[in-house]
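> Below is the structure I would like to discuss, written out as structure tokens.
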Amino acid sequence: MKVVSMKAYLTVSLGLLAITALTGCQDGRASLPGLIDTISEQFSSRRPTSVVGPQQPAQPSQQQAQQQPHQQSTPPQQGAAPLPAPATAPVEAKPLEPPVVMAPGSGAVPGSGMMPGAGMAPGLVPPSQAEAVRVGFLAPLSGPSAALGRALLDAAQMALFDLNDERVLLLPRDTEGQPEAAMRAAQALLSEGVDILIGPLFSASAAAVAPLARERGVKVLTFSTDRNVAGNGVYTLGFTPDQQVARVLAYGRSRGYVRYALLAPNSPYGEAVAQEAVSSLTGSLMVQERYPADSPDLTPSVRRFAAALRALPPRPGSPEDASARPAIAGALGNQGPQPNPVQTGGQTAGQAATQASETVMHPPVDAILLPEGGARLRALAPLLPYFDIDPRHIRLLGTGLWDDPSLGNEPALLGGWFAAPQPEGFEEFRKRFEQSYGRRPPRLASLAYDATALAGILARQQPGPAAQSGPAIQSGPATQSSQVFADAALNNPDGFAGYDGIFRFRPDGVVERGLAILEIQRRGMRVIDPAPSGFNPPVN
């Protein structure tokens with residue numbers, strides 16, 4: 001895309017305005033002062049465009065996006081759904097006004113342009129009248145994770161364009177995906193007087209950056225899911241597996257599922273899932289099997305898991321109870337996965353087990369939790385029916401790692417449930433990202449958009465830095481940034497809403513999200529239980 005310079009843009013614009021004004025001078029009654037007044041009136045009527053609905057934001061100044069030459073990005077070409085503000089201050093979106101925010105549960109749909117409420121968003125403050133709000137951005141822009149880091153930065157720039165506020169300056173720095181480099185980058189940004197840090201991506205880097213930021217009283221919005229680094233000014237934005245597990249298990253209980261099993265990797269992720277499952281399923285988690293996270297062959301683990309299920313005490317049930325079990329197969333159009341061809345008296349073992357369960361017996365468990373994703377999940381899933389674990393009669397449950405439309409190509413996973421953000425928001429973000437940058441964004445990229453939009457909106461709502469006295473950076477809690485990004489604003493119990501749905505920060509710094517329940521189908525995902533539109537009051 002050819003970038004038009006500001007000088008050329010102003011030259012053309014002034015010329016067009018002059019022609020327009022001169023049209024009114026043809027009767028000879030308009031004077032030169034009148035012409036100047038006409039042009040001035042045209043310029044004074046311009047207002048920043050709201051981020052609600054399509055727009056074409058102007059190029060940012062060189063100061064606004066302080067990037068190295070190889071980090072230049074093409075500006076987005078279409079408007080975005082706004083990141084709503086706390087519900088305590090709802091505002092109304094109007095056609096030509098600055099970006100606005102709104103409360104969760106007030107009826108806004110990302111990308112819909114509908115934002116009920118009352119009032120106006122605060123006007124923009126030129127840099128000459130208020131000191132800029134500096135947003136440090138830490139991401140792996142080089143090294144093995146450079147592609148993901150680049151996408152995070154591009155998403156942040158989308159939010160920067162949509163904010164359309166010249167006071168908000170984005171200062172990206174490369175962490176190289178390493179804790180030591182993240183420390184150096186954070187120290188440089190803190191020395192430059194940033195008001196908030198967004199990033200880094202990995203938990204080790206976040207742990208390295210957190211003490212430096214706390215010493216300066218600067219808040220951190222990290223993409224990590226590590227709750228150990230959260231708190232005392234550090235907020236995690238990542239999709240935490242424990243909340244996803246709690247949501248899908250609660251939905252399973254609401255559908256009458258009472259007996260569960262867990263097949264999970266022996267990894268920190270698997271451990272987090274196991275802890276939540278044990279906590280949520282007191283007395284209902286019948287079997288646990290953990291397999292090596294780096295094992296190339298999962299067959300022995302699945303064989304042991306299947307044997308443990310077969311060893312469970314039988315669950316007699318009436319024919320009426322058993323008749324409800326084929327609901328899963330019915331949802332799949334009776335085209336679910338077939339059992340393994342191990343013959344038992346003219347029948348496969350799976351057929352014999354299915355026949356028994358449909359007459360007088362329940363399956364050994366109602367649902368199996370599989371916190372795995374990607375190629376490992378595709379290797380694991382077919383092994384279940386091979387060892388007579390029939391997904392047509394035992395519901396498979398997953399986590400956000402299942403948020404992959406291609407999983408509909410795996411028959412064993414059809415009908416499986418998992419918890420994730422409402423998909424419409426990310427789909428809208430994906431379309432805008434692809435239109436702007438010509439490539440599909442990774443799933444985590446929307447976190448960078450929401451974080452940057454949140455920082456910009458909170459900066460707009462809080463007193464500007466110019467209103468504060470004293471040096472830009474001090475030690476202790478009375479820093480400029482601590483007043484712009486106060487704990488009270490970040491910890492608002494009503495939360496915020498972005499592309500990934502509603503979210504709020506708990507007092508311990510861990511994000512809490514409103515999640516939907518999705519079902520895997522052949523042609524993608526289907527929402528079977530929508531995400532909530534608002535949060536319940538926090539429990540102290």
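So you can find residues: chains in the structure tokens are A, B, ... in the order shown, residues in each start at 1, and ligands are numbered from 1 in order.
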Applying 7 Å and only C-alpha atoms, which residues near Gly456 (chain A) remain after dropping the ones on its own chain fewer than 3 positions away? List them as a list in words.

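Here the qualifying residues turn out to be Leu163, Val168, Thr452, Ala453, Ala459 and Arg460 of chain A.
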
> Please provide the set of residues having any atom within 8 Å of Leu221 (chain A), restricted to only C-alpha atoms, with same-chain residues fewer than 3 positions apart removed, written as a list in words.

Ile196, Leu197, Ile198, Gly199, Val234, Tyr235, Thr236, Leu237 and Ala451 of chain A

> Could you jot down the CA of Glu427 (chain A) to CA of Pro442 (chain A) separation for me, Å, one decimal place?

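That distance, rounded to one decimal, is 11.6 Å.
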
> Need to verify the contact set: Pro364 (chain A), 10 Å, only C-alpha atoms, exclusion of same-chain residues closer than 2 positions in sequence. Can you return it as a list in words?

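In the requested format, the answer is Arg259, Tyr260, Ala261, Met286, Ala308, Leu309, Arg310, Ala311, Leu312, Pro313, Pro314, Arg315, Ser357, Met361, His362, Asp366, Ala367, Ile389 and Ile394 of chain A.
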
> One number please: CA of Ala147 (chain A) to CA of Leu190 (chain A), in Å, one decimal.

25.3 Å

> Give me, as a PyMOL selection string, the residues of region 361-467 of chain A that a backbone DSSP run labels alpha helix (DSSP H).

chain A and resi 374-380+383-386+423-437+445-461

> When you look at Val258 (chain A) with a cut-off of 10 Å (counting only C-alpha atoms), what residues show up, excluding the ones that are within fewer than 6 positions of it in the same chain? I need them as a ChimeraX atom specification.

/A:249,252,281,283-286,365-367

> Which residues are near Leu447 (chain A)? Cut-off 12 Å, only C-alpha atoms, ignore same chain within fewer than 3 positions. Put them as a PyMOL selection string.

chain A and resi 83+148-149+151-156+158-159+198-201+221-225+236-239+421+425-426+429+441-444+450-454+497-501+503+511

> I'd like the neighbourhood of Asp297 (chain A) as a PDB file with C-alpha atoms, in the first residue's frame, where a residue qualifies if any of its atoms comes within 12 Å (using only C-alpha atoms), though same-chain residues fewer than 5 positions away should be ignored.


ATOM      1  CA  TYR A 291       1.074 -39.524  30.331  1.00  0.00           C
ATOM      2  CA  PRO A 292       4.538 -38.069  29.588  1.00  0.00           C
ATOM      3  CA  VAL A 302      -4.458 -45.025  26.704  1.00  0.00           C
ATOM      4  CA  ARG A 303      -4.370 -48.814  27.204  1.00  0.00           C
ATOM      5  CA  ARG A 376      -1.050 -34.504  20.131  1.00  0.00           C
ATOM      6  CA  ALA A 379      -2.906 -38.638  17.808  1.00  0.00           C
ATOM      7  CA  LEU A 380      -4.705 -39.268  21.100  1.00  0.00           C
ATOM      8  CA  LEU A 383      -6.873 -44.348  20.357  1.00  0.00           C
TER       9      LEU A 383
END

> Can you work out which one of A:Arg432, A:Arg526, A:Arg214, A:Arg513 has the shortest atom-to-atom distance to Pro241 (chain A), counting only C-alpha atoms?

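Ranking A:Arg432, A:Arg526, A:Arg214, A:Arg513 by distance to Pro241 (chain A), first place goes to A:Arg513.
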
> Please indicate the distance in Å from CA of Val245 (chain A) to CA of Ala210 (chain A), rounded to one decimal place.

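So the answer is 27.5 Å.
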
> With only C-alpha atoms as the atoms that count, which of A:Ile502, A:Ala445, A:Leu515, A:Ala306 lies nearest to Gln157 (chain A)?

A:Ala445

> How would you write, as a PyMOL selection string, the set of residues in region 215-295 of chain A that DSSP gives as strand (DSSP E or B)?

chain A and resi 219-222+231+234-236+260-266+285-292
